[in-house]
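Text of the file target.txt, holding compact mmCIF, C-alpha atoms and all ligand atoms:
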```
# COMPACT_ATOMS: atom_id res chain seq x y z
CA MET A 1 4.74 -55.26 -15.35
CA GLY A 2 4.97 -58.78 -16.85
CA PRO A 3 7.85 -61.25 -16.94
CA PRO A 4 11.39 -60.01 -16.20
CA LEU A 5 13.51 -58.91 -19.13
CA SER A 6 15.86 -61.57 -20.42
CA SER A 7 19.51 -60.63 -20.34
CA MET A 8 19.56 -60.66 -24.14
CA ALA A 9 16.68 -58.20 -24.37
CA MET A 10 18.37 -56.05 -21.76
CA ALA A 11 21.64 -56.04 -23.69
CA VAL A 12 19.86 -54.86 -26.84
CA MET A 13 17.92 -52.18 -24.99
CA LEU A 14 21.06 -50.91 -23.36
CA ARG A 15 22.24 -49.93 -26.83
CA SER A 16 18.95 -48.38 -27.91
CA ARG A 17 18.83 -44.96 -29.48
CA ALA A 18 15.13 -44.74 -29.95
CA VAL A 19 12.61 -42.12 -30.98
CA PHE A 20 9.03 -42.38 -29.68
CA LEU A 21 6.80 -40.65 -32.20
CA GLY A 22 3.08 -39.98 -32.03
CA PRO A 23 0.36 -37.48 -31.21
CA PRO A 24 0.00 -35.82 -27.81
CA GLY A 25 -1.75 -38.19 -25.41
CA ALA A 26 -0.54 -41.35 -27.18
CA GLY A 27 1.32 -42.49 -24.05
CA LYS A 28 4.89 -41.81 -25.23
CA GLY A 29 5.90 -40.19 -21.93
CA THR A 30 4.37 -42.88 -19.73
CA GLN A 31 6.00 -45.67 -21.73
CA ALA A 32 9.36 -43.96 -22.17
CA LYS A 33 9.55 -43.49 -18.41
CA LYS A 34 8.77 -47.16 -17.79
CA VAL A 35 11.20 -48.51 -20.41
CA ALA A 36 13.92 -46.17 -19.19
CA GLU A 37 13.48 -47.37 -15.60
CA THR A 38 13.40 -51.03 -16.64
CA ALA A 39 16.37 -50.99 -18.97
CA ALA A 40 18.49 -48.17 -17.52
CA VAL A 41 18.45 -46.03 -20.65
CA ALA A 42 18.23 -42.24 -20.47
CA HIS A 43 14.74 -40.77 -20.95
CA LEU A 44 15.08 -37.55 -22.92
CA SER A 45 11.72 -35.78 -22.95
CA THR A 46 11.82 -32.35 -24.55
CA GLY A 47 8.45 -31.50 -22.93
CA ASP A 48 9.86 -32.32 -19.45
CA MET A 49 13.06 -30.36 -20.18
CA LEU A 50 11.01 -27.34 -21.23
CA ARG A 51 8.70 -27.58 -18.20
CA GLN A 52 11.78 -27.61 -15.96
CA GLU A 53 13.09 -24.49 -17.71
CA VAL A 54 9.69 -22.81 -17.28
CA ALA A 55 9.55 -23.72 -13.57
CA ALA A 56 13.08 -22.38 -13.04
CA LYS A 57 12.15 -19.20 -14.96
CA THR A 58 15.26 -19.38 -17.14
CA GLN A 59 15.50 -17.27 -20.27
CA LEU A 60 14.79 -20.35 -22.39
CA GLY A 61 11.80 -21.19 -20.17
CA LEU A 62 10.32 -17.70 -20.44
CA GLN A 63 10.76 -17.82 -24.21
CA ALA A 64 9.15 -21.28 -24.47
CA LYS A 65 6.19 -20.71 -22.12
CA THR A 66 4.02 -18.64 -24.45
CA PHE A 67 4.34 -21.22 -27.23
CA MET A 68 3.62 -24.11 -24.87
CA ASP A 69 0.58 -22.53 -23.23
CA ALA A 70 -0.92 -21.89 -26.67
CA GLY A 71 -0.31 -25.52 -27.74
CA LYS A 72 2.21 -24.37 -30.37
CA LEU A 73 5.68 -25.74 -31.04
CA VAL A 74 8.70 -23.99 -29.57
CA PRO A 75 10.97 -22.76 -32.42
CA ASP A 76 13.26 -25.39 -33.95
CA ASP A 77 16.55 -23.62 -33.18
CA VAL A 78 15.72 -23.45 -29.45
CA ILE A 79 14.75 -27.12 -29.26
CA ILE A 80 17.59 -28.41 -31.41
CA GLY A 81 20.18 -26.59 -29.29
CA MET A 82 18.62 -27.95 -26.10
CA VAL A 83 18.59 -31.57 -27.35
CA ARG A 84 22.16 -31.37 -28.69
CA ALA A 85 23.38 -30.23 -25.27
CA ARG A 86 21.32 -32.88 -23.43
CA ILE A 87 22.48 -35.77 -25.60
CA ARG A 88 26.11 -34.92 -24.83
CA LEU A 89 25.67 -35.42 -21.07
CA PRO A 90 27.33 -38.57 -19.67
CA ASP A 91 24.09 -40.44 -18.81
CA ALA A 92 23.07 -40.35 -22.48
CA LYS A 93 26.37 -41.71 -23.78
CA ASP A 94 25.23 -45.26 -24.55
CA ALA A 95 21.50 -45.40 -24.87
CA TRP A 96 18.47 -43.15 -24.80
CA ILE A 97 14.84 -42.74 -25.72
CA LEU A 98 13.85 -39.43 -27.28
CA ASP A 99 10.27 -38.62 -26.26
CA GLY A 100 8.66 -35.68 -28.04
CA PHE A 101 11.58 -34.98 -30.36
CA PRO A 102 11.83 -34.67 -33.33
CA ARG A 103 8.47 -33.01 -34.03
CA THR A 104 9.27 -31.27 -37.34
CA LEU A 105 11.25 -32.18 -40.46
CA PRO A 106 14.07 -29.69 -39.67
CA GLN A 107 14.38 -31.31 -36.20
CA ALA A 108 14.58 -34.81 -37.77
CA GLU A 109 17.25 -33.62 -40.20
CA ALA A 110 19.23 -31.97 -37.39
CA LEU A 111 19.07 -35.21 -35.40
CA ASP A 112 20.30 -37.24 -38.39
CA LYS A 113 23.18 -34.82 -38.80
CA SER A 114 24.26 -34.95 -35.18
CA LEU A 115 24.08 -38.77 -35.20
CA SER A 116 25.84 -39.31 -38.51
CA GLY A 117 28.17 -42.25 -38.35
CA ALA A 118 28.24 -44.98 -35.76
CA ALA A 119 25.37 -43.88 -33.55
CA ALA A 120 22.39 -43.89 -35.93
CA LEU A 121 18.88 -44.42 -34.60
CA SER A 122 18.08 -47.99 -33.57
CA HIS A 123 14.28 -47.65 -33.45
CA VAL A 124 11.59 -45.16 -34.38
CA ILE A 125 8.32 -46.27 -32.85
CA TYR A 126 5.02 -44.74 -33.90
CA PHE A 127 2.35 -44.75 -31.17
CA ALA A 128 -0.90 -44.97 -33.16
CA VAL A 129 -4.09 -43.85 -31.35
CA PRO A 130 -7.41 -42.58 -32.81
CA GLU A 131 -8.02 -38.88 -32.22
CA ALA A 132 -11.23 -39.34 -30.14
CA VAL A 133 -9.25 -41.43 -27.63
CA LEU A 134 -6.49 -38.80 -27.44
CA VAL A 135 -8.89 -36.00 -26.44
CA GLY A 136 -10.24 -38.09 -23.53
CA ARG A 137 -6.73 -38.98 -22.38
CA LEU A 138 -5.42 -35.42 -22.51
CA SER A 139 -8.36 -33.73 -20.81
CA GLY A 140 -8.33 -36.21 -17.88
CA ARG A 141 -4.55 -36.29 -17.41
CA ARG A 142 -3.14 -35.02 -14.13
CA THR A 143 0.57 -34.84 -13.27
CA CYS A 144 2.29 -34.83 -9.91
CA SER A 145 3.75 -31.39 -9.24
CA LYS A 146 6.74 -32.96 -7.48
CA CYS A 147 7.72 -36.39 -8.90
CA GLY A 148 6.15 -36.02 -12.35
CA ALA A 149 4.09 -39.25 -12.11
CA ILE A 150 1.27 -39.29 -14.64
CA TRP A 151 -2.32 -40.09 -13.57
CA HIS A 152 -5.78 -39.90 -15.15
CA LEU A 153 -9.09 -38.95 -13.57
CA GLU A 154 -10.80 -42.07 -15.01
CA ASN A 155 -8.19 -44.43 -16.48
CA ARG A 156 -5.60 -44.19 -13.71
CA PRO A 157 -7.08 -42.45 -10.67
CA THR A 158 -5.14 -41.87 -7.48
CA LYS A 159 -6.47 -43.30 -4.19
CA LYS A 160 -7.13 -39.80 -2.88
CA ALA A 161 -8.38 -37.25 -5.41
CA GLY A 162 -5.77 -34.64 -6.32
CA VAL A 163 -2.93 -36.31 -4.38
CA CYS A 164 -0.07 -38.37 -5.88
CA ASP A 165 -0.04 -42.04 -4.74
CA GLN A 166 3.73 -42.16 -5.16
CA CYS A 167 4.89 -39.14 -3.17
CA GLY A 168 1.81 -37.52 -1.61
CA SER A 169 2.23 -34.22 -3.47
CA GLU A 170 -0.46 -32.21 -5.21
CA LEU A 171 -1.60 -33.15 -8.72
CA VAL A 172 -1.84 -30.43 -11.35
CA GLN A 173 -3.30 -30.16 -14.82
CA ARG A 174 -0.75 -29.14 -17.43
CA SER A 175 -1.75 -25.77 -18.85
CA ASP A 176 -1.59 -27.25 -22.35
CA ASP A 177 -4.03 -30.05 -21.40
CA ARG A 178 -6.84 -27.50 -21.07
CA PRO A 179 -9.51 -27.78 -23.80
CA GLU A 180 -8.40 -24.60 -25.67
CA ALA A 181 -4.87 -25.93 -26.16
CA ILE A 182 -5.73 -29.58 -26.93
CA GLY A 183 -7.32 -28.83 -30.32
CA LYS A 184 -4.35 -26.68 -31.32
CA ARG A 185 -1.83 -29.36 -30.31
CA LEU A 186 -3.63 -32.01 -32.37
CA GLU A 187 -3.73 -29.65 -35.36
CA VAL A 188 -0.01 -28.91 -34.98
CA TYR A 189 0.67 -32.65 -34.77
CA ARG A 190 -1.26 -33.31 -38.00
CA SER A 191 0.44 -30.54 -39.98
CA GLN A 192 4.01 -30.55 -38.62
CA THR A 193 4.77 -33.89 -36.96
CA ALA A 194 2.75 -36.47 -38.93
CA PRO A 195 4.95 -35.93 -42.04
CA LEU A 196 7.80 -37.52 -40.07
CA LEU A 197 6.08 -40.89 -40.43
CA ALA A 198 6.85 -40.90 -44.16
CA TYR A 199 10.37 -39.58 -43.47
CA TYR A 200 11.20 -42.53 -41.21
CA ARG A 201 9.20 -45.04 -43.27
CA ASP A 202 11.38 -44.15 -46.26
CA ARG A 203 14.46 -44.80 -44.11
CA ARG A 204 12.98 -48.18 -43.09
CA VAL A 205 13.28 -47.64 -39.36
CA LEU A 206 9.61 -46.98 -38.55
CA ARG A 207 7.69 -49.53 -36.44
CA GLU A 208 4.08 -49.03 -35.43
CA ILE A 209 2.42 -49.93 -32.15
CA ASP A 210 -1.33 -49.89 -31.38
CA ALA A 211 -1.16 -47.53 -28.40
CA SER A 212 -4.92 -47.33 -27.85
CA ARG A 213 -4.67 -50.48 -25.68
CA SER A 214 -3.89 -50.67 -21.96
CA PRO A 215 -0.51 -49.32 -20.79
CA ASP A 216 0.59 -52.83 -19.69
CA LEU A 217 -0.11 -54.37 -23.10
CA VAL A 218 1.63 -51.51 -24.90
CA PHE A 219 4.64 -51.89 -22.60
CA GLN A 220 4.95 -55.64 -23.30
CA GLU A 221 4.81 -55.08 -27.06
CA LEU A 222 7.27 -52.24 -26.83
CA LEU A 223 9.84 -54.43 -25.11
CA LYS A 224 9.47 -57.00 -27.91
CA LEU A 225 9.81 -54.34 -30.60
CA MET A 226 12.92 -52.88 -29.05
CA GLN A 227 14.83 -56.18 -28.92
P1 LIG B 301 5.04 -32.70 -24.57
O1 LIG B 301 5.22 -32.86 -23.11
O2 LIG B 301 5.97 -33.57 -25.37
O3 LIG B 301 3.61 -32.85 -25.03
O4 LIG B 301 5.46 -31.18 -24.91
C1 LIG B 301 4.78 -30.09 -24.35
C2 LIG B 301 5.00 -28.84 -25.19
O5 LIG B 301 6.39 -28.53 -25.23
C3 LIG B 301 4.58 -28.96 -26.66
O6 LIG B 301 3.20 -28.73 -26.87
C4 LIG B 301 5.44 -27.88 -27.29
O7 LIG B 301 4.95 -26.59 -27.02
C5 LIG B 301 6.76 -28.03 -26.53
N1 LIG B 301 7.66 -29.02 -27.17
C6 LIG B 301 8.07 -30.22 -26.67
N2 LIG B 301 8.87 -30.85 -27.54
C7 LIG B 301 8.99 -30.04 -28.61
C8 LIG B 301 9.67 -30.11 -29.85
N3 LIG B 301 10.41 -31.20 -30.17
N4 LIG B 301 9.57 -29.07 -30.71
C9 LIG B 301 8.86 -27.98 -30.41
N5 LIG B 301 8.16 -27.84 -29.26
C10 LIG B 301 8.23 -28.84 -28.36
```
Can you turn what I pasted into structure tokens?
Ligand code: AMP
Amino acid sequence: MGPPLSSMAMAVMLRSRAVFLGPPGAGKGTQAKKVAETAAVAHLSTGDMLRQEVAAKTQLGLQAKTFMDAGKLVPDDVIIGMVRARIRLPDAKDAWILDGFPRTLPQAEALDKSLSGAAALSHVIYFAVPEAVLVGRLSGRRTCSKCGAIWHLENRPTKKAGVCDQCGSELVQRSDDRPEAIGKRLEVYRSQTAPLLAYYRDRRVLREIDASRSPDLVFQELLKLMQ
């Protein structure tokens, strides 16, 4: 994991209100999880929230599932309402990392509106990765059905195939990591999410990270960027 965080870096990160932006498979979830654990900031992943709703078969989950399985975006009003409610919970009072949100211009505008005033965004970090690398990462990704740990058949294999090293539970492939959905998700990223790069560049908060490198290197650079 590298050297321990200095207390100064920790103090800055404790006030972070960051957005991790980038295509599916760029490593946003893996890194957000790691930074959140290291610096005690809340990790707000809209994909994880939706998967929990799907697993619990809530009305929202049932509504979202068809979009997710097809690699499409869940409608803005559903997502915006979910994030607004999540961000109000006590653990997200001081600092958070938004992972997978915003993904459209209306979502970015809604976020700006709900943060107007003192609590503006501290960082927007773009995880840049060439598309050929993304396809390999997504198709080999496996997730623990219990603890959510993220593995990869080639880049991060478990000791025993199909079993989580952390908790011993079964690994599953996300339904949207199947080949049919991957192409759609990348197309949706290009048309609906990539325009956010210009949106945040214009607001001078966008920082770019070369996320095609190893997870450890990306993590070290991320900590520097977020100070
Ligand atoms: P992720 O885990 O971030 O790749 O998200 C998985 C799926 O959840 C996406 O392919 C979308 O179907 C849905 N999703 C997650 N976040 C959003 C969002 N901000 N807006 C719309 N759909 C989302």
Against ligand LIG 301 (chain B), which residues of chain A fall within 6 Å? For each one I want the closest pair of atoms and the distance in Å (one decimal), counting all atoms listed in the file, rows by chain and increasing residue number, as a Markdown table.
```
| residue | atom | partner | partner_atom | distance |
| --- | --- | --- | --- | --- |
| A:Pro24 | CA | B:LIG301 | O3 | 5.4 |
| A:Thr46 | CA | B:LIG301 | N2 | 4.5 |
| A:Gly47 | CA | B:LIG301 | O1 | 3.5 |
| A:Asp48 | CA | B:LIG301 | O1 | 5.9 |
| A:Phe67 | CA | B:LIG301 | O7 | 5.4 |
| A:Met68 | CA | B:LIG301 | O7 | 3.5 |
| A:Gly71 | CA | B:LIG301 | O6 | 4.8 |
| A:Lys72 | CA | B:LIG301 | O7 | 4.9 |
| A:Leu73 | CA | B:LIG301 | N5 | 3.7 |
| A:Val74 | CA | B:LIG301 | N5 | 3.9 |
| A:Pro75 | CA | B:LIG301 | C9 | 6.0 |
| A:Ile79 | CA | B:LIG301 | N4 | 5.7 |
| A:Gly100 | CA | B:LIG301 | O2 | 4.3 |
| A:Phe101 | CA | B:LIG301 | N3 | 4.0 |
| A:Pro102 | CA | B:LIG301 | N3 | 4.9 |
| A:Arg103 | CA | B:LIG301 | N3 | 4.7 |
```
Would you list the contacts of Thr158 (chain A) as a VMD selection string, taking every protein, DNA or RNA residue within 12 Å and counting all atoms listed in the file, but skipping same-chain residues closer than 4 positions in sequence?
-> chain A and resid 141 to 144 149 to 154 162 to 171
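Nearest-residue note for Ala95 (chain A): choosing from A:Glu187, A:Ala26, A:Arg51, A:Ala18, the minimum distance belongs to A:Ala18, counting only C-alpha atoms.
In this structure, CA of Leu121 (chain A) sits 7.6 Å away from CA of Val19 (chain A).
Omitting His123 (chain A) and its sequence neighbours fewer than 4 positions away, and counting only C-alpha atoms, the residues within 12 Å are Val12, Met13, Arg15, Ser16, Arg17, Ala18, Val19, Phe20, Leu21, Ala95, Trp96, Ile97, Leu98, Ala119, Tyr200, Arg201, Arg203, Arg204, Val205, Leu206, Arg207, Glu208, Leu222, Leu223, Lys224, Leu225, Met226 and Gln227 of chain A.
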Residue among A:Pro215, A:Gly27, A:Gly61, A:Gly22 lying closest to Met82 (chain A), counting all atoms listed in the file | A:Gly61
Around (-6.2, -27.9, -23.8) in the file's frame, which residues reach within 9 Å when counting all atoms listed in the file? Return as a CSV table (one decimal) with C-alpha atoms, in the coordinates of the input?
```
chain,number,residue,atom,x,y,z
A,69,ASP,CA,0.6,-22.5,-23.2
A,70,ALA,CA,-0.9,-21.9,-26.7
A,71,GLY,CA,-0.3,-25.5,-27.7
A,135,VAL,CA,-8.9,-36.0,-26.4
A,138,LEU,CA,-5.4,-35.4,-22.5
A,139,SER,CA,-8.4,-33.7,-20.8
A,174,ARG,CA,-0.8,-29.1,-17.4
A,175,SER,CA,-1.8,-25.8,-18.8
A,176,ASP,CA,-1.6,-27.2,-22.4
A,177,ASP,CA,-4.0,-30.0,-21.4
A,178,ARG,CA,-6.8,-27.5,-21.1
A,179,PRO,CA,-9.5,-27.8,-23.8
A,180,GLU,CA,-8.4,-24.6,-25.7
A,181,ALA,CA,-4.9,-25.9,-26.2
A,182,ILE,CA,-5.7,-29.6,-26.9
A,183,GLY,CA,-7.3,-28.8,-30.3
A,184,LYS,CA,-4.4,-26.7,-31.3
A,185,ARG,CA,-1.8,-29.4,-30.3
```
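Take CA of Ile87 (chain A) and CA of Ala42 (chain A): the distance between them is 9.3 Å.
From CA of Asp210 (chain A) back to CA of Phe127 (chain A), the distance works out to 6.3 Å.
Comparing the minimum interatomic distances between Thr30 (chain A) and each of A:Arg156, A:Ser116, A:Ile80, A:Ala194, counting all atoms listed in the file, we find that A:Arg156 sits nearest.
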Once 6 Å is added on each side, what centre and edge lengths in Å to one decimal does the axis-aligned box around all listed atoms of region 182-195 of chain A have, as JSON?
```
{"center_x": -1.2, "center_y": -31.6, "center_z": -34.5, "size_x": 24.3, "size_y": 21.8, "size_z": 27.1}
```
Nearest to Pro157 (chain A), restricted to all atoms listed in the file and choosing among A:Ser145, A:Gly140, A:Ala128, A:Leu196, comes out as A:Gly140
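Distance annotation: of A:Leu105, A:Val35, A:Leu217, A:Cys147, the residue with the minimal separation from Ala198 (chain A) is A:Leu105; atom set is only C-alpha atoms.
Among A:Ala161, A:Ala40, A:Ser191, A:Asp216, the residue with the shortest atom-to-atom distance to Lys93 (chain A), counting all atoms listed in the file, is A:Ala40.
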Please, could N, CA, C and O atoms be added to region 79-98 of chain A and the result written as a PDB file, keeping the file's coordinate frame?
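Written file, rebuild_7.pdb:
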```pdb
ATOM      1  N   ILE A  79      14.872 -25.705 -29.629  1.00  0.00           N
ATOM      2  CA  ILE A  79      14.750 -27.120 -29.260  1.00  0.00           C
ATOM      3  C   ILE A  79      15.990 -27.902 -29.687  1.00  0.00           C
ATOM      4  O   ILE A  79      16.513 -28.734 -28.940  1.00  0.00           O
ATOM      5  N   ILE A  80      16.456 -27.646 -30.891  1.00  0.00           N
ATOM      6  CA  ILE A  80      17.590 -28.410 -31.410  1.00  0.00           C
ATOM      7  C   ILE A  80      18.827 -28.165 -30.542  1.00  0.00           C
ATOM      8  O   ILE A  80      19.540 -29.100 -30.168  1.00  0.00           O
ATOM      9  N   GLY A  81      19.041 -26.904 -30.160  1.00  0.00           N
ATOM     10  CA  GLY A  81      20.180 -26.590 -29.290  1.00  0.00           C
ATOM     11  C   GLY A  81      20.058 -27.297 -27.948  1.00  0.00           C
ATOM     12  O   GLY A  81      21.041 -27.853 -27.423  1.00  0.00           O
ATOM     13  N   MET A  82      18.844 -27.320 -27.406  1.00  0.00           N
ATOM     14  CA  MET A  82      18.620 -27.950 -26.100  1.00  0.00           C
ATOM     15  C   MET A  82      18.884 -29.460 -26.168  1.00  0.00           C
ATOM     16  O   MET A  82      19.542 -30.022 -25.296  1.00  0.00           O
ATOM     17  N   VAL A  83      18.410 -30.112 -27.228  1.00  0.00           N
ATOM     18  CA  VAL A  83      18.590 -31.570 -27.350  1.00  0.00           C
ATOM     19  C   VAL A  83      20.066 -31.899 -27.591  1.00  0.00           C
ATOM     20  O   VAL A  83      20.600 -32.841 -27.007  1.00  0.00           O
ATOM     21  N   ARG A  84      20.732 -31.107 -28.427  1.00  0.00           N
ATOM     22  CA  ARG A  84      22.160 -31.370 -28.690  1.00  0.00           C
ATOM     23  C   ARG A  84      22.959 -31.339 -27.392  1.00  0.00           C
ATOM     24  O   ARG A  84      23.815 -32.181 -27.156  1.00  0.00           O
ATOM     25  N   ALA A  85      22.652 -30.348 -26.541  1.00  0.00           N
ATOM     26  CA  ALA A  85      23.380 -30.230 -25.270  1.00  0.00           C
ATOM     27  C   ALA A  85      23.047 -31.404 -24.351  1.00  0.00           C
ATOM     28  O   ALA A  85      23.916 -31.969 -23.695  1.00  0.00           O
ATOM     29  N   ARG A  86      21.765 -31.808 -24.339  1.00  0.00           N
ATOM     30  CA  ARG A  86      21.320 -32.880 -23.430  1.00  0.00           C
ATOM     31  C   ARG A  86      21.938 -34.231 -23.809  1.00  0.00           C
ATOM     32  O   ARG A  86      22.337 -35.026 -22.960  1.00  0.00           O
ATOM     33  N   ILE A  87      22.017 -34.476 -25.106  1.00  0.00           N
ATOM     34  CA  ILE A  87      22.480 -35.770 -25.600  1.00  0.00           C
ATOM     35  C   ILE A  87      23.981 -35.974 -25.356  1.00  0.00           C
ATOM     36  O   ILE A  87      24.486 -37.089 -25.366  1.00  0.00           O
ATOM     37  N   ARG A  88      24.662 -34.838 -25.096  1.00  0.00           N
ATOM     38  CA  ARG A  88      26.110 -34.920 -24.830  1.00  0.00           C
ATOM     39  C   ARG A  88      26.417 -35.239 -23.366  1.00  0.00           C
ATOM     40  O   ARG A  88      27.548 -35.522 -23.012  1.00  0.00           O
ATOM     41  N   LEU A  89      25.409 -35.163 -22.495  1.00  0.00           N
ATOM     42  CA  LEU A  89      25.670 -35.420 -21.070  1.00  0.00           C
ATOM     43  C   LEU A  89      26.003 -36.903 -20.862  1.00  0.00           C
ATOM     44  O   LEU A  89      25.536 -37.762 -21.612  1.00  0.00           O
ATOM     45  N   PRO A  90      26.822 -37.210 -19.839  1.00  0.00           N
ATOM     46  CA  PRO A  90      27.330 -38.570 -19.670  1.00  0.00           C
ATOM     47  C   PRO A  90      26.256 -39.661 -19.586  1.00  0.00           C
ATOM     48  O   PRO A  90      26.436 -40.750 -20.115  1.00  0.00           O
ATOM     49  N   ASP A  91      25.091 -39.367 -18.967  1.00  0.00           N
ATOM     50  CA  ASP A  91      24.090 -40.440 -18.810  1.00  0.00           C
ATOM     51  C   ASP A  91      23.463 -40.838 -20.146  1.00  0.00           C
ATOM     52  O   ASP A  91      22.808 -41.877 -20.236  1.00  0.00           O
ATOM     53  N   ALA A  92      23.652 -40.025 -21.184  1.00  0.00           N
ATOM     54  CA  ALA A  92      23.070 -40.350 -22.480  1.00  0.00           C
ATOM     55  C   ALA A  92      24.126 -40.882 -23.458  1.00  0.00           C
ATOM     56  O   ALA A  92      23.913 -40.913 -24.661  1.00  0.00           O
ATOM     57  N   LYS A  93      25.258 -41.299 -22.915  1.00  0.00           N
ATOM     58  CA  LYS A  93      26.370 -41.710 -23.780  1.00  0.00           C
ATOM     59  C   LYS A  93      26.020 -42.981 -24.572  1.00  0.00           C
ATOM     60  O   LYS A  93      26.269 -43.060 -25.764  1.00  0.00           O
ATOM     61  N   ASP A  94      25.427 -43.970 -23.899  1.00  0.00           N
ATOM     62  CA  ASP A  94      25.230 -45.260 -24.550  1.00  0.00           C
ATOM     63  C   ASP A  94      23.850 -45.459 -25.148  1.00  0.00           C
ATOM     64  O   ASP A  94      23.717 -46.000 -26.232  1.00  0.00           O
ATOM     65  N   ALA A  95      22.847 -45.059 -24.410  1.00  0.00           N
ATOM     66  CA  ALA A  95      21.500 -45.400 -24.870  1.00  0.00           C
ATOM     67  C   ALA A  95      20.494 -44.371 -24.369  1.00  0.00           C
ATOM     68  O   ALA A  95      20.626 -43.870 -23.259  1.00  0.00           O
ATOM     69  N   TRP A  96      19.502 -44.093 -25.204  1.00  0.00           N
ATOM     70  CA  TRP A  96      18.470 -43.150 -24.800  1.00  0.00           C
ATOM     71  C   TRP A  96      17.178 -43.387 -25.559  1.00  0.00           C
ATOM     72  O   TRP A  96      17.156 -44.053 -26.596  1.00  0.00           O
ATOM     73  N   ILE A  97      16.119 -42.804 -25.006  1.00  0.00           N
ATOM     74  CA  ILE A  97      14.840 -42.740 -25.720  1.00  0.00           C
ATOM     75  C   ILE A  97      14.492 -41.265 -25.841  1.00  0.00           C
ATOM     76  O   ILE A  97      14.428 -40.553 -24.834  1.00  0.00           O
ATOM     77  N   LEU A  98      14.299 -40.804 -27.061  1.00  0.00           N
ATOM     78  CA  LEU A  98      13.850 -39.430 -27.280  1.00  0.00           C
ATOM     79  C   LEU A  98      12.334 -39.434 -27.302  1.00  0.00           C
ATOM     80  O   LEU A  98      11.716 -40.144 -28.105  1.00  0.00           O
TER      81      LEU A  98
END
```
